[in-house]
$ cat upload.pdb   # PDB, C-alpha atoms
ATOM      1  CA  ASN A   1      37.161  -1.004 -30.403
ATOM      2  CA  LYS A   2      38.056  -4.630 -29.695
ATOM      3  CA  LEU A   3      34.417  -5.530 -29.091
ATOM      4  CA  GLY A   4      33.222  -4.146 -32.412
ATOM      5  CA  SER A   5      29.969  -2.331 -33.074
ATOM      6  CA  PHE A   6      26.707  -3.085 -31.338
ATOM      7  CA  ARG A   7      24.712  -5.988 -32.717
ATOM      8  CA  PHE A   8      20.930  -6.051 -33.024
ATOM      9  CA  PRO A   9      20.215  -7.986 -29.775
ATOM     10  CA  GLU A  10      22.455  -5.635 -27.793
ATOM     11  CA  ILE A  11      20.707  -2.567 -29.217
ATOM     12  CA  VAL A  12      17.296  -4.033 -28.402
ATOM     13  CA  LEU A  13      18.310  -4.792 -24.811
ATOM     14  CA  ILE A  14      19.754  -1.299 -24.321
ATOM     15  CA  VAL A  15      16.551   0.287 -25.666
ATOM     16  CA  MET A  16      14.350  -1.999 -23.565
ATOM     17  CA  SER A  17      16.393  -1.287 -20.425
ATOM     18  CA  GLY A  18      16.102   2.446 -21.039
ATOM     19  CA  LEU A  19      12.374   2.069 -21.640
ATOM     20  CA  LEU A  20      11.995   0.048 -18.439
ATOM     21  CA  VAL A  21      13.762   2.664 -16.319
ATOM     22  CA  SER A  22      11.801   5.490 -17.989
ATOM     23  CA  LEU A  23       8.482   3.768 -17.371
ATOM     24  CA  TRP A  24       9.439   3.156 -13.747
ATOM     25  CA  LEU A  25      10.468   6.777 -13.221
ATOM     26  CA  PHE A  26       7.487   8.392 -14.940
ATOM     27  CA  ARG A  27       4.733   6.041 -13.776
ATOM     28  CA  LYS A  28       3.565   8.303 -10.975
ATOM     29  CA  LEU A  29       4.948  11.784 -10.449
ATOM     30  CA  GLU A  30       4.469  14.264  -7.619
ATOM     31  CA  ASN A  31       3.212  17.415  -9.349
ATOM     32  CA  VAL A  32       2.525  16.150 -12.854
ATOM     33  CA  GLU A  33       0.277  13.346 -14.029
ATOM     34  CA  GLY A  34       2.322  10.225 -14.764
ATOM     35  CA  TRP A  35       1.559   7.717 -17.490
ATOM     36  CA  ALA A  36      -0.203   5.299 -15.108
ATOM     37  CA  GLU A  37      -2.509   8.060 -13.861
ATOM     38  CA  ALA A  38      -3.208   9.140 -17.441
ATOM     39  CA  HIS A  39      -3.994   5.526 -18.332
ATOM     40  CA  ALA A  40      -6.400   5.215 -15.390
ATOM     41  CA  ARG A  41      -8.088   8.521 -16.288
ATOM     42  CA  THR A  42      -8.364   7.556 -19.964
ATOM     43  CA  PHE A  43     -10.101   4.276 -19.145
ATOM     44  CA  ASN A  44     -12.162   5.913 -16.361
ATOM     45  CA  VAL A  45     -10.750   3.811 -13.529
ATOM     46  CA  THR A  46     -11.361   5.848 -10.388
ATOM     47  CA  THR A  47     -11.480   5.403  -6.635
ATOM     48  CA  SER A  48     -14.563   6.230  -4.565
ATOM     49  CA  SER A  49     -13.197   9.789  -4.124
ATOM     50  CA  GLY A  50     -12.986  10.300  -7.901
ATOM     51  CA  LYS A  51      -9.195  10.162  -8.203
ATOM     52  CA  PRO A  52      -7.637   7.916 -10.858
ATOM     53  CA  LYS A  53      -6.976   4.439  -9.409
ATOM     54  CA  ILE A  54      -3.506   3.360 -10.484
ATOM     55  CA  TYR A  55      -3.480  -0.378 -11.011
ATOM     56  CA  LEU A  56      -0.500  -0.570 -13.370
ATOM     57  CA  GLU A  57       2.381  -1.025 -10.931
ATOM     58  CA  ASP A  58       6.122  -1.515 -11.482
ATOM     59  CA  ALA A  59       5.718  -5.275 -11.819
ATOM     60  CA  TRP A  60       3.335  -4.788 -14.760
ATOM     61  CA  VAL A  61       6.053  -2.884 -16.617
ATOM     62  CA  VAL A  62       8.639  -5.623 -16.029
ATOM     63  CA  VAL A  63       6.324  -8.458 -17.055
ATOM     64  CA  THR A  64       5.149  -6.651 -20.192
ATOM     65  CA  LEU A  65       8.653  -5.816 -21.367
ATOM     66  CA  SER A  66       9.805  -9.346 -20.510
ATOM     67  CA  LEU A  67       7.080 -10.764 -22.740
ATOM     68  CA  PHE A  68       8.430  -8.669 -25.610
ATOM     69  CA  LEU A  69      11.741 -10.514 -25.250
ATOM     70  CA  PHE A  70       9.879 -13.700 -26.248
ATOM     71  CA  ILE A  71       8.519 -11.941 -29.365
ATOM     72  CA  ILE A  72      11.421  -9.875 -30.742
ATOM     73  CA  PRO A  73      13.631 -11.884 -33.120
ATOM     74  CA  LEU A  74      17.318 -12.454 -32.469
ATOM     75  CA  ASP A  75      18.269 -11.345 -35.978
ATOM     76  CA  ASN A  76      17.480  -7.880 -37.314
ATOM     77  CA  PRO A  77      14.152  -8.221 -39.159
ATOM     78  CA  PHE A  78      14.803  -4.959 -41.036
ATOM     79  CA  LYS A  79      18.094  -6.087 -42.533
ATOM     80  CA  GLY A  80      17.874  -5.888 -46.317
ATOM     81  CA  VAL A  81      14.391  -4.330 -46.305
ATOM     82  CA  LEU A  82      15.486  -1.031 -47.815
ATOM     83  CA  SER A  83      17.920  -2.574 -50.287
ATOM     84  CA  HIS A  84      15.460  -5.365 -51.198
ATOM     85  CA  THR A  85      18.149  -8.019 -51.033
ATOM     86  CA  PRO A  86      16.812 -11.489 -50.305
ATOM     87  CA  PRO A  87      18.337 -13.386 -47.419
ATOM     88  CA  THR A  88      20.925 -16.093 -47.996
ATOM     89  CA  GLY A  89      19.300 -19.032 -49.704
ATOM     90  CA  GLY A  90      16.677 -16.886 -51.405
ATOM     91  CA  ARG A  91      13.905 -17.346 -48.832
ATOM     92  CA  PHE A  92      13.093 -15.986 -45.448
ATOM     93  CA  ILE A  93      14.010 -18.155 -42.495
ATOM     94  CA  ARG A  94      12.220 -17.867 -39.192
ATOM     95  CA  SER A  95      14.597 -16.316 -36.673
ATOM     96  CA  ARG A  96      15.074 -17.397 -33.099
ATOM     97  CA  ARG A  97      13.798 -15.018 -30.435
ATOM     98  CA  LEU A  98      15.853 -12.982 -27.970
ATOM     99  CA  LEU A  99      14.557 -15.180 -25.160
ATOM    100  CA  ASP A 100      13.031 -18.642 -25.284
ATOM    101  CA  ILE A 101      11.372 -20.741 -22.633
ATOM    102  CA  ASP A 102      14.140 -23.372 -22.638
ATOM    103  CA  THR A 103      16.727 -20.748 -21.689
ATOM    104  CA  VAL A 104      14.476 -19.390 -18.951
ATOM    105  CA  MET A 105      13.808 -22.827 -17.500
ATOM    106  CA  LYS A 106      17.462 -23.919 -17.566
ATOM    107  CA  ARG A 107      19.162 -20.717 -16.403
ATOM    108  CA  THR A 108      16.736 -19.298 -13.843
ATOM    109  CA  PRO A 109      17.879 -19.904 -10.256
ATOM    110  CA  TRP A 110      14.472 -21.115  -9.076
ATOM    111  CA  ASP A 111      15.618 -21.699  -5.502
ATOM    112  CA  VAL A 112      16.647 -18.053  -5.125
ATOM    113  CA  LEU A 113      13.430 -16.909  -6.795
ATOM    114  CA  PHE A 114      11.296 -18.942  -4.378
ATOM    115  CA  ILE A 115      13.262 -17.688  -1.363
ATOM    116  CA  LEU A 116      12.826 -14.078  -2.488
ATOM    117  CA  GLY A 117       9.145 -14.596  -3.230
ATOM    118  CA  GLY A 118       8.620 -16.244   0.140
ATOM    119  CA  GLY A 119      10.410 -13.370   1.864
ATOM    120  CA  TYR A 120       8.191 -10.824   0.118
ATOM    121  CA  ALA A 121       5.091 -12.849   1.004
ATOM    122  CA  ILE A 122       6.110 -13.039   4.683
ATOM    123  CA  ALA A 123       6.850  -9.294   4.718
ATOM    124  CA  ALA A 124       3.468  -8.485   3.192
ATOM    125  CA  GLY A 125       1.756 -10.794   5.692
ATOM    126  CA  CYS A 126       3.553  -9.146   8.616
ATOM    127  CA  LYS A 127       2.590  -5.696   7.394
ATOM    128  CA  ASP A 128      -1.049  -6.522   6.572
ATOM    129  CA  SER A 129      -1.646  -8.380   9.828
ATOM    130  CA  GLY A 130      -0.119  -5.584  11.905
ATOM    131  CA  LEU A 131       2.641  -7.827  13.261
ATOM    132  CA  SER A 132       5.409  -5.442  12.197
ATOM    133  CA  SER A 133       3.672  -2.533  13.975
ATOM    134  CA  TRP A 134       3.197  -4.655  17.069
ATOM    135  CA  ILE A 135       6.872  -5.670  17.112
ATOM    136  CA  GLY A 136       7.860  -2.028  16.692
ATOM    137  CA  ASP A 137       5.631  -1.069  19.617
ATOM    138  CA  GLN A 138       7.331  -3.689  21.801
ATOM    139  CA  PHE A 139      10.618  -1.824  21.432
ATOM    140  CA  ASP A 140       9.168   1.413  22.780
ATOM    141  CA  PHE A 141      11.306   0.942  25.917
ATOM    142  CA  LEU A 142      14.341   1.869  23.762
ATOM    143  CA  HIS A 143      12.864   5.293  23.023
ATOM    144  CA  ASN A 144      15.131   7.194  25.407
ATOM    145  CA  SER A 145      18.141   4.862  25.130
ATOM    146  CA  SER A 146      21.439   5.775  23.550
ATOM    147  CA  ARG A 147      22.087   4.922  19.918
ATOM    148  CA  VAL A 148      24.740   2.396  20.905
ATOM    149  CA  ILE A 149      22.243   0.431  23.000
ATOM    150  CA  ILE A 150      19.658   0.584  20.182
ATOM    151  CA  ALA A 151      22.257  -0.639  17.656
ATOM    152  CA  LEU A 152      23.257  -3.531  19.952
ATOM    153  CA  VAL A 153      19.649  -4.607  20.566
ATOM    154  CA  VAL A 154      18.762  -4.418  16.868
ATOM    155  CA  SER A 155      21.936  -6.306  15.897
ATOM    156  CA  LEU A 156      21.174  -9.026  18.436
ATOM    157  CA  LEU A 157      17.582  -9.299  17.228
ATOM    158  CA  VAL A 158      18.683  -9.543  13.578
ATOM    159  CA  ALA A 159      21.271 -12.202  14.449
ATOM    160  CA  ILE A 160      18.645 -14.280  16.270
ATOM    161  CA  LEU A 161      16.041 -13.871  13.520
ATOM    162  CA  THR A 162      18.447 -14.832  10.734
ATOM    163  CA  GLU A 163      19.263 -18.065  12.535
ATOM    164  CA  PHE A 164      15.616 -19.074  12.216
ATOM    165  CA  ALA A 165      14.853 -17.430   8.866
ATOM    166  CA  SER A 166      17.817 -19.008   7.053
ATOM    167  CA  ASN A 167      16.699 -22.497   7.986
TER     168      ASN A 167
END
$ encode --input "upload.pdb" --output "structure tokens"
Amino acid sequence: NKLGSFRFPEIVLIVMSGLLVSLWLFRKLENVEGWAEAHARTFNVTTSSGKPKIYLEDAWVVVTLSLFLFIIPLDNPFKGVLSHTPPTGGRFIRSRRLLDIDTVMKRTPWDVLFILGGGYAIAAGCKDSGLSSWIGDQFDFLHNSSRVIIALVVSLLVAILTEFASN
């Protein structure tokens, strides 16, 4: 009660967050065709085996909905439409948007973003090159070891790797 009722920007962000989660959950389903598969089938995007090729991934959903934040106005554009009351001053004033580029540039922690992006790039490189499989094969000697020994070896390896990776 102390916070008052929801304002237009809060409602938009709640709806967009719900839409984002829904699109993530229903993009590709196990037994039913998801929206990404339906999109691929509609536009006849198929693999060599004839199955729909899904090229709209989770990142596409995030980027698309993020772009809408640059378009949707901060003030309710429907306010006064049904009652036909003109805005204060008698003319329409262009509203600010929910998100603008100045806010993004000033408030985005670019260092963290680059570290995360670099980590994902290294992980993808390790997977694509087969390095992660090779490293896993090197620890085959632990196959019959106790879980305590495996936990100690993995902990030691992680401690050593983080010393290099953090610098």
$ residues_around --input "upload.pdb" --residues "region 152-156 of chain A" --least-positions-apart "3" --cutoff "12 Å" --atoms "all atoms listed in the file" --output "MDAnalysis selection string"
chainID A and resid 135:136 139 141:142 145:149 159:163
$ closest_residue --input "upload.pdb" --among "A:Ala40, A:Ile71, A:Ala124, A:Leu113" --to "Leu98 (chain A)" --atoms "all atoms listed in the file"
A:Ile71
$ atom_distance --input "upload.pdb" --atom1 "CA of Val61 (chain A)" --atom2 "CA of Ala36 (chain A)"
10.4 Å
$ resolve_selection --input "upload.pdb" --expression "the PyMOL selection byres ((chain A and resi 7-17) around 6)" --output "PyMOL selection string"
chain A and resi 6+18-20+74+76
$ atom_distance --input "upload.pdb" --atom1 "CA of Val63 (chain A)" --atom2 "CA of Leu99 (chain A)"
13.4 Å
$ closest_residue --input "upload.pdb" --among "A:His143, A:Ile101, A:Ser133, A:Phe114" --to "Ser66 (chain A)" --atoms "only C-alpha atoms"
A:Ile101
$ atom_distance --input "upload.pdb" --atom1 "CA of Lys28 (chain A)" --atom2 "CA of Gly50 (chain A)"
17.0 Å
$ residues_around --input "upload.pdb" --residues "region 25-27 of chain A" --least-positions-apart "5" --cutoff "10 Å" --atoms "all atoms listed in the file" --output "list in words"
Leu19, Leu20, Val32, Glu33, Gly34, Trp35, Ala36, Glu37, Ala38, His39, Ile54, Leu56, Glu57, Asp58 and Val61 of chain A
$ decode --input "upload.pdb" --residues "region 11-27 of chain A" --atoms "all heavy atoms" --output "PDB file, in the first residue's frame"
ATOM      1  N   ILE A  11       4.363  -1.731 -15.317  1.00  0.00           N
ATOM      2  CA  ILE A  11       3.469  -2.696 -15.976  1.00  0.00           C
ATOM      3  C   ILE A  11       4.121  -3.231 -17.242  1.00  0.00           C
ATOM      4  O   ILE A  11       4.096  -4.438 -17.509  1.00  0.00           O
ATOM      5  CB  ILE A  11       2.102  -2.050 -16.274  1.00  0.00           C
ATOM      6  CG1 ILE A  11       1.381  -1.723 -14.970  1.00  0.00           C
ATOM      7  CG2 ILE A  11       1.242  -2.949 -17.154  1.00  0.00           C
ATOM      8  CD1 ILE A  11       0.143  -0.875 -15.138  1.00  0.00           C
ATOM      9  N   VAL A  12       4.712  -2.350 -18.026  1.00  0.00           N
ATOM     10  CA  VAL A  12       5.371  -2.780 -19.266  1.00  0.00           C
ATOM     11  C   VAL A  12       6.504  -3.752 -18.968  1.00  0.00           C
ATOM     12  O   VAL A  12       6.634  -4.788 -19.631  1.00  0.00           O
ATOM     13  CB  VAL A  12       5.897  -1.557 -20.062  1.00  0.00           C
ATOM     14  CG1 VAL A  12       6.805  -1.985 -21.200  1.00  0.00           C
ATOM     15  CG2 VAL A  12       4.742  -0.738 -20.587  1.00  0.00           C
ATOM     16  N   LEU A  13       7.318  -3.460 -17.961  1.00  0.00           N
ATOM     17  CA  LEU A  13       8.431  -4.352 -17.633  1.00  0.00           C
ATOM     18  C   LEU A  13       7.959  -5.695 -17.096  1.00  0.00           C
ATOM     19  O   LEU A  13       8.566  -6.735 -17.395  1.00  0.00           O
ATOM     20  CB  LEU A  13       9.379  -3.675 -16.654  1.00  0.00           C
ATOM     21  CG  LEU A  13      10.169  -2.507 -17.249  1.00  0.00           C
ATOM     22  CD1 LEU A  13      11.039  -1.860 -16.178  1.00  0.00           C
ATOM     23  CD2 LEU A  13      11.011  -2.957 -18.417  1.00  0.00           C
ATOM     24  N   ILE A  14       6.871  -5.710 -16.335  1.00  0.00           N
ATOM     25  CA  ILE A  14       6.319  -6.980 -15.856  1.00  0.00           C
ATOM     26  C   ILE A  14       5.815  -7.804 -17.036  1.00  0.00           C
ATOM     27  O   ILE A  14       6.088  -9.007 -17.136  1.00  0.00           O
ATOM     28  CB  ILE A  14       5.199  -6.727 -14.819  1.00  0.00           C
ATOM     29  CG1 ILE A  14       5.801  -6.204 -13.519  1.00  0.00           C
ATOM     30  CG2 ILE A  14       4.397  -7.998 -14.571  1.00  0.00           C
ATOM     31  CD1 ILE A  14       4.769  -5.710 -12.529  1.00  0.00           C
ATOM     32  N   VAL A  15       5.088  -7.171 -17.951  1.00  0.00           N
ATOM     33  CA  VAL A  15       4.567  -7.882 -19.127  1.00  0.00           C
ATOM     34  C   VAL A  15       5.713  -8.385 -19.996  1.00  0.00           C
ATOM     35  O   VAL A  15       5.701  -9.535 -20.456  1.00  0.00           O
ATOM     36  CB  VAL A  15       3.614  -6.965 -19.929  1.00  0.00           C
ATOM     37  CG1 VAL A  15       3.282  -7.567 -21.283  1.00  0.00           C
ATOM     38  CG2 VAL A  15       2.345  -6.710 -19.140  1.00  0.00           C
ATOM     39  N   MET A  16       6.728  -7.549 -20.205  1.00  0.00           N
ATOM     40  CA  MET A  16       7.853  -7.964 -21.047  1.00  0.00           C
ATOM     41  C   MET A  16       8.656  -9.083 -20.389  1.00  0.00           C
ATOM     42  O   MET A  16       9.139  -9.986 -21.083  1.00  0.00           O
ATOM     43  CB  MET A  16       8.739  -6.767 -21.382  1.00  0.00           C
ATOM     44  CG  MET A  16       7.987  -5.767 -22.196  1.00  0.00           C
ATOM     45  SD  MET A  16       8.778  -4.872 -23.486  1.00  0.00           S
ATOM     46  CE  MET A  16      10.137  -5.670 -24.031  1.00  0.00           C
ATOM     47  N   SER A  17       8.802  -9.051 -19.077  1.00  0.00           N
ATOM     48  CA  SER A  17       9.499 -10.140 -18.381  1.00  0.00           C
ATOM     49  C   SER A  17       8.718 -11.438 -18.495  1.00  0.00           C
ATOM     50  O   SER A  17       9.302 -12.504 -18.739  1.00  0.00           O
ATOM     51  CB  SER A  17       9.710  -9.787 -16.912  1.00  0.00           C
ATOM     52  OG  SER A  17      10.508  -8.640 -16.789  1.00  0.00           O
ATOM     53  N   GLY A  18       7.416 -11.372 -18.327  1.00  0.00           N
ATOM     54  CA  GLY A  18       6.576 -12.557 -18.498  1.00  0.00           C
ATOM     55  C   GLY A  18       6.637 -13.088 -19.912  1.00  0.00           C
ATOM     56  O   GLY A  18       6.698 -14.305 -20.142  1.00  0.00           O
ATOM     57  N   LEU A  19       6.627 -12.187 -20.888  1.00  0.00           N
ATOM     58  CA  LEU A  19       6.736 -12.587 -22.289  1.00  0.00           C
ATOM     59  C   LEU A  19       8.083 -13.234 -22.568  1.00  0.00           C
ATOM     60  O   LEU A  19       8.167 -14.256 -23.268  1.00  0.00           O
ATOM     61  CB  LEU A  19       6.523 -11.366 -23.188  1.00  0.00           C
ATOM     62  CG  LEU A  19       6.535 -11.605 -24.685  1.00  0.00           C
ATOM     63  CD1 LEU A  19       5.407 -12.536 -25.097  1.00  0.00           C
ATOM     64  CD2 LEU A  19       6.415 -10.272 -25.417  1.00  0.00           C
ATOM     65  N   LEU A  20       9.140 -12.680 -22.010  1.00  0.00           N
ATOM     66  CA  LEU A  20      10.483 -13.235 -22.192  1.00  0.00           C
ATOM     67  C   LEU A  20      10.562 -14.663 -21.654  1.00  0.00           C
ATOM     68  O   LEU A  20      11.016 -15.569 -22.355  1.00  0.00           O
ATOM     69  CB  LEU A  20      11.514 -12.351 -21.486  1.00  0.00           C
ATOM     70  CG  LEU A  20      12.947 -12.855 -21.482  1.00  0.00           C
ATOM     71  CD1 LEU A  20      13.541 -12.781 -22.869  1.00  0.00           C
ATOM     72  CD2 LEU A  20      13.779 -12.056 -20.507  1.00  0.00           C
ATOM     73  N   VAL A  21      10.094 -14.868 -20.450  1.00  0.00           N
ATOM     74  CA  VAL A  21      10.130 -16.209 -19.848  1.00  0.00           C
ATOM     75  C   VAL A  21       9.257 -17.172 -20.650  1.00  0.00           C
ATOM     76  O   VAL A  21       9.651 -18.316 -20.904  1.00  0.00           O
ATOM     77  CB  VAL A  21       9.697 -16.147 -18.367  1.00  0.00           C
ATOM     78  CG1 VAL A  21       9.507 -17.535 -17.796  1.00  0.00           C
ATOM     79  CG2 VAL A  21      10.718 -15.372 -17.558  1.00  0.00           C
ATOM     80  N   SER A  22       8.075 -16.723 -21.076  1.00  0.00           N
ATOM     81  CA  SER A  22       7.192 -17.585 -21.872  1.00  0.00           C
ATOM     82  C   SER A  22       7.839 -17.975 -23.191  1.00  0.00           C
ATOM     83  O   SER A  22       7.771 -19.139 -23.603  1.00  0.00           O
ATOM     84  CB  SER A  22       5.862 -16.873 -22.148  1.00  0.00           C
ATOM     85  OG  SER A  22       5.195 -16.600 -20.957  1.00  0.00           O
ATOM     86  N   LEU A  23       8.457 -17.019 -23.855  1.00  0.00           N
ATOM     87  CA  LEU A  23       9.112 -17.334 -25.130  1.00  0.00           C
ATOM     88  C   LEU A  23      10.296 -18.265 -24.930  1.00  0.00           C
ATOM     89  O   LEU A  23      10.567 -19.120 -25.776  1.00  0.00           O
ATOM     90  CB  LEU A  23       9.548 -16.047 -25.833  1.00  0.00           C
ATOM     91  CG  LEU A  23       8.405 -15.211 -26.415  1.00  0.00           C
ATOM     92  CD1 LEU A  23       8.927 -13.867 -26.915  1.00  0.00           C
ATOM     93  CD2 LEU A  23       7.695 -15.958 -27.513  1.00  0.00           C
ATOM     94  N   TRP A  24      11.011 -18.114 -23.833  1.00  0.00           N
ATOM     95  CA  TRP A  24      12.103 -19.047 -23.535  1.00  0.00           C
ATOM     96  C   TRP A  24      11.564 -20.454 -23.296  1.00  0.00           C
ATOM     97  O   TRP A  24      12.106 -21.429 -23.798  1.00  0.00           O
ATOM     98  CB  TRP A  24      12.860 -18.598 -22.305  1.00  0.00           C
ATOM     99  CG  TRP A  24      13.929 -17.598 -22.540  1.00  0.00           C
ATOM    100  CD1 TRP A  24      14.496 -17.249 -23.733  1.00  0.00           C
ATOM    101  CD2 TRP A  24      14.584 -16.803 -21.545  1.00  0.00           C
ATOM    102  NE1 TRP A  24      15.447 -16.285 -23.538  1.00  0.00           N
ATOM    103  CE2 TRP A  24      15.527 -15.997 -22.207  1.00  0.00           C
ATOM    104  CE3 TRP A  24      14.465 -16.703 -20.173  1.00  0.00           C
ATOM    105  CZ2 TRP A  24      16.354 -15.115 -21.539  1.00  0.00           C
ATOM    106  CZ3 TRP A  24      15.277 -15.816 -19.511  1.00  0.00           C
ATOM    107  CH2 TRP A  24      16.211 -15.022 -20.186  1.00  0.00           C
ATOM    108  N   LEU A  25      10.502 -20.558 -22.516  1.00  0.00           N
ATOM    109  CA  LEU A  25       9.971 -21.871 -22.147  1.00  0.00           C
ATOM    110  C   LEU A  25       9.334 -22.606 -23.322  1.00  0.00           C
ATOM    111  O   LEU A  25       9.445 -23.823 -23.432  1.00  0.00           O
ATOM    112  CB  LEU A  25       8.946 -21.732 -21.018  1.00  0.00           C
ATOM    113  CG  LEU A  25       9.496 -21.352 -19.656  1.00  0.00           C
ATOM    114  CD1 LEU A  25       8.362 -21.140 -18.671  1.00  0.00           C
ATOM    115  CD2 LEU A  25      10.452 -22.419 -19.137  1.00  0.00           C
ATOM    116  N   PHE A  26       8.662 -21.873 -24.198  1.00  0.00           N
ATOM    117  CA  PHE A  26       7.903 -22.511 -25.272  1.00  0.00           C
ATOM    118  C   PHE A  26       8.580 -22.426 -26.631  1.00  0.00           C
ATOM    119  O   PHE A  26       7.949 -22.655 -27.656  1.00  0.00           O
ATOM    120  CB  PHE A  26       6.494 -21.916 -25.335  1.00  0.00           C
ATOM    121  CG  PHE A  26       5.721 -22.129 -24.071  1.00  0.00           C
ATOM    122  CD1 PHE A  26       5.400 -21.068 -23.253  1.00  0.00           C
ATOM    123  CD2 PHE A  26       5.339 -23.399 -23.689  1.00  0.00           C
ATOM    124  CE1 PHE A  26       4.697 -21.262 -22.072  1.00  0.00           C
ATOM    125  CE2 PHE A  26       4.639 -23.613 -22.512  1.00  0.00           C
ATOM    126  CZ  PHE A  26       4.313 -22.536 -21.706  1.00  0.00           C
ATOM    127  N   ARG A  27       9.870 -22.117 -26.646  1.00  0.00           N
ATOM    128  CA  ARG A  27      10.594 -22.044 -27.920  1.00  0.00           C
ATOM    129  C   ARG A  27      10.700 -23.403 -28.571  1.00  0.00           C
ATOM    130  O   ARG A  27      10.416 -23.574 -29.749  1.00  0.00           O
ATOM    131  CB  ARG A  27      11.995 -21.461 -27.703  1.00  0.00           C
ATOM    132  CG  ARG A  27      12.775 -21.293 -28.994  1.00  0.00           C
ATOM    133  CD  ARG A  27      14.118 -20.659 -28.726  1.00  0.00           C
ATOM    134  NE  ARG A  27      14.964 -21.460 -27.892  1.00  0.00           N
ATOM    135  CZ  ARG A  27      15.740 -22.459 -28.333  1.00  0.00           C
ATOM    136  NH1 ARG A  27      15.751 -22.766 -29.593  1.00  0.00           N
ATOM    137  NH2 ARG A  27      16.490 -23.135 -27.504  1.00  0.00           N
TER     138      ARG A  27
END
